[in-house]
Every structure is written in C-alpha cells, then in structure tokens.
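One structure below.
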Amino acid sequence: MCRADDFALVVADIAVLISPDVVALGGRTFMLGEDPLVPAIESRLLGRIPLVPRLMPVDSAELHLTGAAELPLETTGGSAFVVR
C-alpha cells in the first residue's frame, strides 16, 4: 500500500463520519509540495465515498491546537459551520 492509499483511508473515514466540505492536510509531506499526492488521494476517493471533500494542503507551522479549529473559519472567510 502506498502513502496515497493510507491518506485516502483516513480522509475517507473522516468524510463518511462528519461530511466536511474541506479537509486540511498538514505536515512535512504536504509542506514539501508533493503535488501528485493530493490528486492521487482524490482519485482513490472518487466513487468510493458519497461526497469527496476538497483537499487543501496547509502549512502546519501555522497550526496549533486552537488554530486547527480556526483554520476553516479563516479559509472560508468566517462562513464555516456544521450541518446535520
């Protein structure tokens, strides 16, 4: 199994459980700009889960415990909310 498969499994679990519009991907892998990885993850999700969220690489140096919750608000201009 390759890294894209591992990431796709995690994103699929998150997407099926809470249906986010965006999943922020942080860490060295995404900071290094491995561009083929995000499309590879997306391709593994398409047709396998009901709704594929937008995958957004972020600079994890800017994230901290409260920042992880604030990032969607900053990214969407304050219009992030959960719909049940």
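Chains: A, B, ... in order of the structure tokens. Residues: from 1 per chain. Ligands: from 1, in order shown.
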
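Within 6 Å of region 47-62 of chain A there are Asp21, Val22, Val23, Ala24, Leu25, Gly26, Gly27, Phe30 and Met31 of chain A, counting only C-alpha atoms and ignoring same-chain residues fewer than 4 positions away.
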
For the residues in that selection, give me N, CA, C and O atoms as a PDB file, in the first residue's frame.
ATOM      1  N   ASP A  21     -16.726  19.799   4.107  1.00  0.00           N
ATOM      2  CA  ASP A  21     -16.532  20.299   2.742  1.00  0.00           C
ATOM      3  C   ASP A  21     -15.055  20.339   2.388  1.00  0.00           C
ATOM      4  O   ASP A  21     -14.684  20.176   1.230  1.00  0.00           O
ATOM      5  N   VAL A  22     -14.207  20.594   3.406  1.00  0.00           N
ATOM      6  CA  VAL A  22     -12.767  20.735   3.198  1.00  0.00           C
ATOM      7  C   VAL A  22     -12.039  19.908   4.255  1.00  0.00           C
ATOM      8  O   VAL A  22     -12.427  19.905   5.416  1.00  0.00           O
ATOM      9  N   VAL A  23     -10.978  19.234   3.827  1.00  0.00           N
ATOM     10  CA  VAL A  23     -10.078  18.554   4.752  1.00  0.00           C
ATOM     11  C   VAL A  23      -8.709  19.181   4.566  1.00  0.00           C
ATOM     12  O   VAL A  23      -8.151  19.189   3.465  1.00  0.00           O
ATOM     13  N   ALA A  24      -8.178  19.761   5.654  1.00  0.00           N
ATOM     14  CA  ALA A  24      -6.856  20.380   5.626  1.00  0.00           C
ATOM     15  C   ALA A  24      -5.800  19.301   5.822  1.00  0.00           C
ATOM     16  O   ALA A  24      -5.895  18.496   6.746  1.00  0.00           O
ATOM     17  N   LEU A  25      -4.826  19.286   4.943  1.00  0.00           N
ATOM     18  CA  LEU A  25      -3.733  18.307   5.005  1.00  0.00           C
ATOM     19  C   LEU A  25      -2.459  19.039   5.394  1.00  0.00           C
ATOM     20  O   LEU A  25      -1.978  19.895   4.651  1.00  0.00           O
ATOM     21  N   GLY A  26      -1.925  18.729   6.550  1.00  0.00           N
ATOM     22  CA  GLY A  26      -0.721  19.400   7.020  1.00  0.00           C
ATOM     23  C   GLY A  26       0.388  18.410   7.282  1.00  0.00           C
ATOM     24  O   GLY A  26       0.201  17.199   7.224  1.00  0.00           O
ATOM     25  N   GLY A  27       1.547  18.934   7.567  1.00  0.00           N
ATOM     26  CA  GLY A  27       2.707  18.095   7.856  1.00  0.00           C
ATOM     27  C   GLY A  27       3.765  18.244   6.786  1.00  0.00           C
ATOM     28  O   GLY A  27       3.568  18.890   5.755  1.00  0.00           O
ATOM     29  N   PHE A  30       3.049  17.453   2.958  1.00  0.00           N
ATOM     30  CA  PHE A  30       2.315  18.432   2.165  1.00  0.00           C
ATOM     31  C   PHE A  30       3.038  19.759   2.101  1.00  0.00           C
ATOM     32  O   PHE A  30       2.858  20.527   1.166  1.00  0.00           O
ATOM     33  N   MET A  31       3.891  20.060   3.086  1.00  0.00           N
ATOM     34  CA  MET A  31       4.685  21.287   3.038  1.00  0.00           C
ATOM     35  C   MET A  31       5.768  21.186   1.978  1.00  0.00           C
ATOM     36  O   MET A  31       6.203  22.185   1.427  1.00  0.00           O
TER      37      MET A  31
END

Give me, as a short mmCIF file (atom, residue, chain, number, x, y, z; two decimals) with all heavy atoms, in the first residue's frame, all polymer residues having an atom no more than 9 Å from Leu9 (chain A), counting only C-alpha atoms and skipping those fewer than 4 positions away in the same chain.
data_model
loop_
_atom_site.label_atom_id
_atom_site.label_comp_id
_atom_site.auth_asym_id
_atom_site.auth_seq_id
_atom_site.Cartn_x
_atom_site.Cartn_y
_atom_site.Cartn_z
N ALA A 4 -0.47 7.40 -0.63
CA ALA A 4 -1.76 7.94 -1.08
C ALA A 4 -2.90 7.05 -0.59
O ALA A 4 -3.95 7.56 -0.19
CB ALA A 4 -1.79 8.07 -2.60
N ASP A 5 -2.70 5.74 -0.58
CA ASP A 5 -3.73 4.82 -0.08
C ASP A 5 -3.97 5.05 1.41
O ASP A 5 -5.11 5.09 1.86
CB ASP A 5 -3.32 3.37 -0.31
CG ASP A 5 -3.27 2.99 -1.79
OD1 ASP A 5 -4.00 3.60 -2.58
OD2 ASP A 5 -2.49 2.09 -2.12
N ASP A 13 -12.49 7.95 6.09
CA ASP A 13 -13.11 7.79 7.41
C ASP A 13 -13.69 9.10 7.91
O ASP A 13 -14.83 9.15 8.38
CB ASP A 13 -12.08 7.26 8.42
CG ASP A 13 -11.70 5.81 8.19
OD1 ASP A 13 -12.44 5.12 7.46
OD2 ASP A 13 -10.67 5.39 8.73
N ILE A 14 -12.91 10.16 7.80
CA ILE A 14 -13.37 11.49 8.25
C ILE A 14 -14.57 11.94 7.43
O ILE A 14 -15.57 12.40 7.96
CB ILE A 14 -12.22 12.51 8.14
CG1 ILE A 14 -11.13 12.19 9.16
CG2 ILE A 14 -12.75 13.94 8.34
CD1 ILE A 14 -9.84 12.94 8.93
N ILE A 41 -4.75 11.03 -3.90
CA ILE A 41 -5.71 10.77 -2.82
C ILE A 41 -7.13 10.96 -3.34
O ILE A 41 -8.00 10.13 -3.11
CB ILE A 41 -5.43 11.69 -1.62
CG1 ILE A 41 -4.07 11.40 -1.01
CG2 ILE A 41 -6.54 11.56 -0.57
CD1 ILE A 41 -3.59 12.45 -0.02
N ARG A 44 -8.44 8.14 -5.46
CA ARG A 44 -8.79 6.94 -4.69
C ARG A 44 -10.14 7.09 -3.99
O ARG A 44 -10.80 6.11 -3.68
CB ARG A 44 -7.70 6.62 -3.69
CG ARG A 44 -6.49 5.99 -4.37
CD ARG A 44 -5.25 6.13 -3.53
NE ARG A 44 -4.11 5.43 -4.09
CZ ARG A 44 -3.37 5.87 -5.10
NH1 ARG A 44 -3.66 7.01 -5.70
NH2 ARG A 44 -2.33 5.18 -5.54
N LEU A 45 -10.54 8.34 -3.72
CA LEU A 45 -11.81 8.59 -3.03
C LEU A 45 -13.01 8.64 -3.98
O LEU A 45 -14.10 8.24 -3.60
CB LEU A 45 -11.73 9.91 -2.26
CG LEU A 45 -10.70 9.96 -1.13
CD1 LEU A 45 -10.61 11.38 -0.59
CD2 LEU A 45 -11.04 8.98 -0.04
#

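We find CA of Ile18 (chain A) and CA of Glu74 (chain A) to be spaced 19.8 Å apart.
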
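CA of Asp6 (chain A) lies 18.8 Å from CA of Ser19 (chain A).
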
> How many Å lie between CA of Ala12 (chain A) and CA of Leu37 (chain A), rounded to one decimal?
Replying inline: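 The value is 15.2 Å.
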
> Between A:Ala40, A:Leu46, A:Pro20, A:Arg28, which one has atoms that come closest to Cys2 (chain A), using only C-alpha atoms?
Replying inline: A:Ala40
